[in-house]
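The file data26.cif contains mmCIF, C-alpha atoms:
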data_upload
loop_
_atom_site.label_atom_id
_atom_site.label_comp_id
_atom_site.auth_asym_id
_atom_site.auth_seq_id
_atom_site.Cartn_x
_atom_site.Cartn_y
_atom_site.Cartn_z
CA MET J 673 -4.74 22.69 -28.84
CA GLU J 674 -4.02 19.24 -27.35
CA LYS J 675 -7.73 18.31 -27.52
CA LYS J 676 -7.83 19.16 -31.23
CA LYS J 677 -4.66 17.13 -31.89
CA LYS J 678 -6.14 14.16 -30.01
CA SER J 679 -9.37 14.35 -31.93
CA VAL J 680 -7.52 14.43 -35.27
CA LYS J 681 -5.42 11.44 -34.23
CA ASP J 682 -8.52 9.60 -33.00
CA ARG J 683 -10.29 10.31 -36.32
CA ILE J 684 -7.34 8.89 -38.24
CA VAL J 685 -7.22 5.77 -36.06
CA SER J 686 -11.01 5.23 -36.28
CA ALA J 687 -11.02 5.69 -40.05
CA ALA J 688 -8.07 3.35 -40.46
CA TRP J 689 -9.64 0.51 -38.47
CA GLU J 690 -12.97 0.97 -40.26
CA LEU J 691 -11.22 0.73 -43.63
CA PHE J 692 -8.99 -2.15 -42.56
CA TYR J 693 -12.12 -4.08 -41.61
CA GLU J 694 -14.11 -3.15 -44.75
CA LYS J 695 -11.41 -3.25 -47.43
CA GLY J 696 -8.64 -5.23 -45.80
CA TYR J 697 -5.31 -3.91 -44.64
CA ASP J 698 -3.39 -4.46 -47.88
CA THR J 699 -5.89 -2.66 -50.11
CA THR J 700 -6.39 0.32 -47.79
CA THR J 701 -4.20 3.28 -48.74
CA VAL J 702 -3.06 6.26 -46.69
CA ASP J 703 -5.12 8.42 -49.07
CA ASP J 704 -8.24 6.35 -48.23
CA ILE J 705 -7.61 6.95 -44.52
CA ILE J 706 -7.05 10.67 -45.02
CA ARG J 707 -10.25 10.95 -47.06
CA LEU J 708 -12.43 9.08 -44.56
CA SER J 709 -10.94 10.85 -41.54
CA ASP J 710 -11.36 14.23 -43.24
CA THR J 711 -7.78 15.20 -42.41
CA SER J 712 -4.71 16.14 -44.42
CA LYS J 713 -1.50 14.34 -45.39
CA GLY J 714 0.35 16.69 -43.07
CA SER J 715 -1.88 15.69 -40.15
CA PHE J 716 -1.56 12.02 -40.99
CA TYR J 717 2.23 12.10 -41.15
CA TYR J 718 2.42 14.26 -38.05
CA TYR J 719 1.04 11.33 -36.05
CA PHE J 720 2.07 8.29 -38.10
CA ASP J 721 5.10 7.34 -40.20
CA GLY J 722 2.90 5.30 -42.50
CA LYS J 723 0.10 2.76 -42.63
CA ASP J 724 2.11 0.12 -40.72
CA ALA J 725 2.32 2.47 -37.74
CA LEU J 726 -1.48 2.28 -37.44
CA LEU J 727 -1.28 -1.43 -36.74
CA ASN J 728 0.40 -0.55 -33.46
CA THR J 729 -2.79 1.26 -32.44
CA LEU J 730 -4.52 -2.12 -32.12
CA SER J 731 -2.83 -2.52 -28.74
CA THR J 732 -4.51 0.73 -27.68
CA VAL J 733 -7.88 -0.58 -28.87
CA LEU J 734 -7.31 -3.81 -26.95
CA ASP J 735 -6.10 -1.96 -23.85
CA ASP J 736 -9.38 -0.01 -23.87
CA LEU J 737 -11.21 -3.34 -24.01
CA TYR J 738 -9.21 -4.69 -21.05
CA LEU J 739 -10.03 -1.58 -19.01
CA SER J 740 -13.75 -2.11 -19.63
CA LEU J 741 -13.47 -5.84 -18.83
CA LYS J 742 -11.71 -4.96 -15.56
CA GLU J 743 -14.82 -3.00 -14.56
CA GLU J 744 -17.06 -5.97 -15.42
CA MET J 745 -15.15 -8.52 -13.34
CA ASP J 746 -16.56 -9.59 -10.00
CA PRO J 747 -13.85 -8.67 -7.45
CA TYR J 748 -14.59 -11.91 -5.57
CA MET J 749 -14.13 -14.13 -8.63
CA ASP J 750 -11.28 -16.63 -8.34
CA SER J 751 -8.14 -15.01 -9.81
CA PHE J 752 -7.38 -17.96 -12.09
CA GLU J 753 -10.94 -17.69 -13.43
CA LYS J 754 -10.45 -13.93 -13.92
CA LEU J 755 -7.54 -14.71 -16.24
CA MET J 756 -9.70 -17.17 -18.17
CA PHE J 757 -12.54 -14.62 -18.34
CA LEU J 758 -10.20 -11.94 -19.73
CA ASN J 759 -8.75 -14.34 -22.27
CA TYR J 760 -12.14 -15.57 -23.49
CA ARG J 761 -13.68 -12.11 -23.76
CA ALA J 762 -10.66 -10.56 -25.49
CA HIS J 763 -10.34 -13.39 -27.99
CA THR J 764 -14.08 -13.34 -28.69
CA PHE J 765 -13.83 -9.57 -29.29
CA MET J 766 -10.89 -10.06 -31.66
CA GLU J 767 -12.70 -12.82 -33.54
CA LYS J 768 -15.83 -10.72 -34.03
CA THR J 769 -14.31 -7.30 -34.76
CA ILE J 770 -10.91 -7.78 -36.40
CA LYS J 771 -10.39 -9.67 -39.63
CA VAL J 772 -7.95 -12.57 -39.54
CA ASP J 773 -5.74 -11.09 -42.27
CA LEU J 774 -5.48 -7.87 -40.29
CA LEU J 775 -4.34 -9.70 -37.15
CA ALA J 776 -1.87 -11.64 -39.26
CA SER J 777 -0.56 -8.33 -40.65
CA LEU J 778 -0.14 -6.97 -37.14
CA TYR J 779 1.74 -10.04 -35.98
CA SER J 780 3.96 -10.07 -39.06
CA THR J 781 4.88 -6.39 -38.67
CA GLN J 782 5.67 -7.02 -35.00
CA LEU J 783 8.01 -9.85 -36.02
CA ILE J 784 9.96 -7.84 -38.60
CA SER J 785 9.77 -4.42 -36.97
CA LYS J 786 13.04 -2.72 -36.19
CA GLY J 787 11.26 -0.24 -33.96
CA GLU J 788 8.63 -0.46 -31.26
CA ARG J 789 6.89 -3.79 -30.65
CA SER J 790 3.62 -2.69 -29.10
CA LEU J 791 2.55 -6.24 -28.27
CA LEU J 792 5.47 -6.55 -25.85
CA ASP J 793 5.22 -3.11 -24.25
CA GLN J 794 5.09 -3.87 -20.51
CA ASN J 795 3.56 -0.43 -19.85
CA ARG J 796 0.35 -1.41 -21.63
CA GLU J 797 -2.85 -1.63 -19.58
CA TYR J 798 -3.02 -5.28 -20.63
CA TYR J 799 0.20 -6.20 -18.81
CA LYS J 800 -0.68 -4.11 -15.76
CA LEU J 801 -4.08 -5.79 -15.46
CA ILE J 802 -2.75 -9.33 -15.92
CA ALA J 803 0.03 -8.66 -13.37
CA SER J 804 -2.46 -7.30 -10.83
CA VAL J 805 -4.76 -10.33 -11.23
CA ILE J 806 -1.80 -12.71 -10.83
CA GLU J 807 -0.50 -10.82 -7.79
CA GLU J 808 -3.97 -10.94 -6.23
CA GLY J 809 -4.20 -14.65 -7.05
CA GLN J 810 -0.87 -15.43 -5.45
CA LYS J 811 -1.89 -13.57 -2.28
CA ARG J 812 -5.18 -15.49 -2.16
CA GLY J 813 -3.55 -18.84 -2.98
CA GLU J 814 -5.56 -19.12 -6.22
CA ILE J 815 -2.40 -18.91 -8.34
CA ASN J 816 0.69 -20.69 -7.04
CA ARG J 817 3.94 -18.93 -6.18
CA ARG J 818 6.39 -21.30 -7.89
CA LYS J 819 7.08 -18.59 -10.48
CA SER J 820 7.32 -14.84 -10.07
CA ILE J 821 4.48 -12.57 -11.13
CA ALA J 822 6.57 -11.41 -14.11
CA GLU J 823 7.21 -15.01 -15.22
CA VAL J 824 3.52 -15.94 -15.02
CA VAL J 825 2.55 -12.77 -16.93
CA LYS J 826 5.10 -13.63 -19.62
CA TYR J 827 3.79 -17.19 -19.96
CA TYR J 828 0.14 -16.05 -19.98
CA SER J 829 0.78 -13.54 -22.76
CA LEU J 830 2.83 -16.12 -24.67
CA CYS J 831 -0.14 -18.53 -24.51
CA GLU J 832 -2.51 -15.83 -25.74
CA ARG J 833 -0.22 -14.98 -28.66
CA ALA J 834 0.12 -18.69 -29.48
CA LEU J 835 -3.66 -19.10 -29.66
CA VAL J 836 -4.07 -16.01 -31.85
CA THR J 837 -1.18 -17.05 -34.11
CA ASP J 838 -2.65 -20.53 -34.60
CA TRP J 839 -6.05 -18.99 -35.38
CA CYS J 840 -4.43 -16.72 -37.97
CA LEU J 841 -2.47 -19.62 -39.49
CA ASN J 842 -5.75 -21.52 -39.81
CA LYS J 843 -7.39 -18.49 -41.47
CA GLY J 844 -10.01 -18.19 -38.74
CA SER J 845 -11.52 -21.58 -39.58
CA TYR J 846 -12.71 -22.07 -35.99
CA SER J 847 -13.93 -19.86 -33.15
CA LEU J 848 -10.98 -18.18 -31.44
CA GLY J 849 -13.06 -17.46 -28.34
CA GLU J 850 -14.32 -21.01 -27.92
CA TYR J 851 -10.94 -22.57 -28.74
CA SER J 852 -9.30 -20.31 -26.15
CA LYS J 853 -12.00 -21.15 -23.60
CA GLU J 854 -11.16 -24.83 -24.02
CA TYR J 855 -7.36 -24.70 -24.24
CA MET J 856 -6.19 -21.69 -22.19
CA PRO J 857 -7.10 -23.38 -18.86
CA ILE J 858 -5.11 -26.45 -19.94
CA MET J 859 -2.12 -24.29 -20.91
CA MET J 860 -2.25 -22.40 -17.59
CA GLU J 861 -3.20 -25.29 -15.28
CA SER J 862 0.25 -25.62 -13.70
CA PHE J 863 -0.15 -22.11 -12.29
CA ARG J 864 -3.48 -22.79 -10.59
CA GLY J 865 -3.38 -22.68 -6.80
CA LYS J 866 -4.51 -25.57 -4.65
CA GLN J 867 -8.24 -26.11 -4.89
CA LEU J 868 -10.04 -26.39 -1.57
CA SER J 869 -12.76 -29.04 -1.48
#
As structure tokens, what does this structure read like?
Amino acid sequence: MEKKKKSVKDRIVSAAWELFYEKGYDTTTVDDIIRLSDTSKGSFYYYFDGKDALLNTLSTVLDDLYLSLKEEMDPYMDSFEKLMFLNYRAHTFMEKTIKVDLLASLYSTQLISKGERSLLDQNREYYKLIASVIEEGQKRGEINRRKSIAEVVKYYSLCERALVTDWCLNKGSYSLGEYSKEYMPIMMESFRGKQLS
């Protein structure tokens, strides 16, 4: 029974993101999602309160990306560079697979939401991965210890959100991945450990 429920939910999420990309978030209706996912209104509303609730599933999509990037990372790579790698790859993925207006919709719903704010959920794979890289970096001396792991994670995620927000405000007029590759190291430089010559 649980497998069937999961597959229905997955079909709804997949259909929603496909439609959000093709038609845009604002013009996609719940009925469109139900039709494409070949489900019913009852099934849809069993899992989601409405279309806005589907925006919160983007964090799940991104968490899946972070898990696959974790597998790609060289365990011997400098921890500061791991953070830059994760940032660049995630922002490049977002730029190429999620429309700017959709990201802007997600951010705006997170700002006005009275309920769950998935972007800030510390139990996400994203936060666990970033914390583990920072902890590793502090142990290796590649990330300094002036701030706690939690404080560095908070600042890192704040920087990522700032870059995405600016990209959305500029309507995607530049490459998010390349902009992040250039500016994230500058934003995070004060956390870099001492470089050995």
Exercise. For the file shown, what are the residues hit by the PyMOL selection byres ((chain J and resi 757) around 12), laid out as a PyMOL selection string?
Worked result: chain J and resi 738+741-742+744-746+749-756+758-764+802+805+849-850+852-854+856-857
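Picture a line from atom CA of J:Thr701 to atom CA of J:Leu726; it runs 11.7 Å.
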Problem set entry | Straight-line distance linking atom CA of J:Ile706 with atom CA of J:Val733, stated in Å to one decimal |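 Between atom CA of J:Ile706 and atom CA of J:Val733 the gap works out to 19.7 Å.
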Problem set entry | Neighbour list for J:Ser845 as a list in words, cut-off 12 Å, all atoms listed in the file, skip fewer than 6 positions in-chain | Glu767, Lys771, Val772, Asp838, Trp839 and Tyr851 of chain J
Would you mind exporting C-alpha atoms of the selected residues as a short mmCIF file (atom, residue, chain, number, x, y, z; two decimals), in the frame of the given file?
data_model
loop_
_atom_site.label_atom_id
_atom_site.label_comp_id
_atom_site.auth_asym_id
_atom_site.auth_seq_id
_atom_site.Cartn_x
_atom_site.Cartn_y
_atom_site.Cartn_z
CA GLU J 767 -12.70 -12.82 -33.54
CA LYS J 771 -10.39 -9.67 -39.63
CA VAL J 772 -7.95 -12.57 -39.54
CA ASP J 838 -2.65 -20.53 -34.60
CA TRP J 839 -6.05 -18.99 -35.38
CA TYR J 851 -10.94 -22.57 -28.74
#
Could you give me, as a short mmCIF file (atom, residue, chain, number, x, y, z; two decimals) with C-alpha atoms, in the coordinates of the input, the residues within 9 Å of J:Ser686, counting all atoms listed in the file and dropping anything in the same chain fewer than 5 positions from it?
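Listed below is the output, result_24.cif:
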data_model
loop_
_atom_site.label_atom_id
_atom_site.label_comp_id
_atom_site.auth_asym_id
_atom_site.auth_seq_id
_atom_site.Cartn_x
_atom_site.Cartn_y
_atom_site.Cartn_z
CA LYS J 681 -5.42 11.44 -34.23
CA LEU J 691 -11.22 0.73 -43.63
CA SER J 709 -10.94 10.85 -41.54
#
Problem set entry | Explicit residues for the PyMOL selection byres ((chain J and resi 799) around 10) (as a ChimeraX atom specification) | /J:735,738,791-798,800-805,822,825-826,828-829
For this session: Write out as a PyMOL selection string the residues lying within 10 Å of J:Phe692, counting all atoms listed in the file and excluding same-chain residues fewer than 2 positions away.
Result: chain J and resi 686-690+694-701+705+727+770-771+773-774
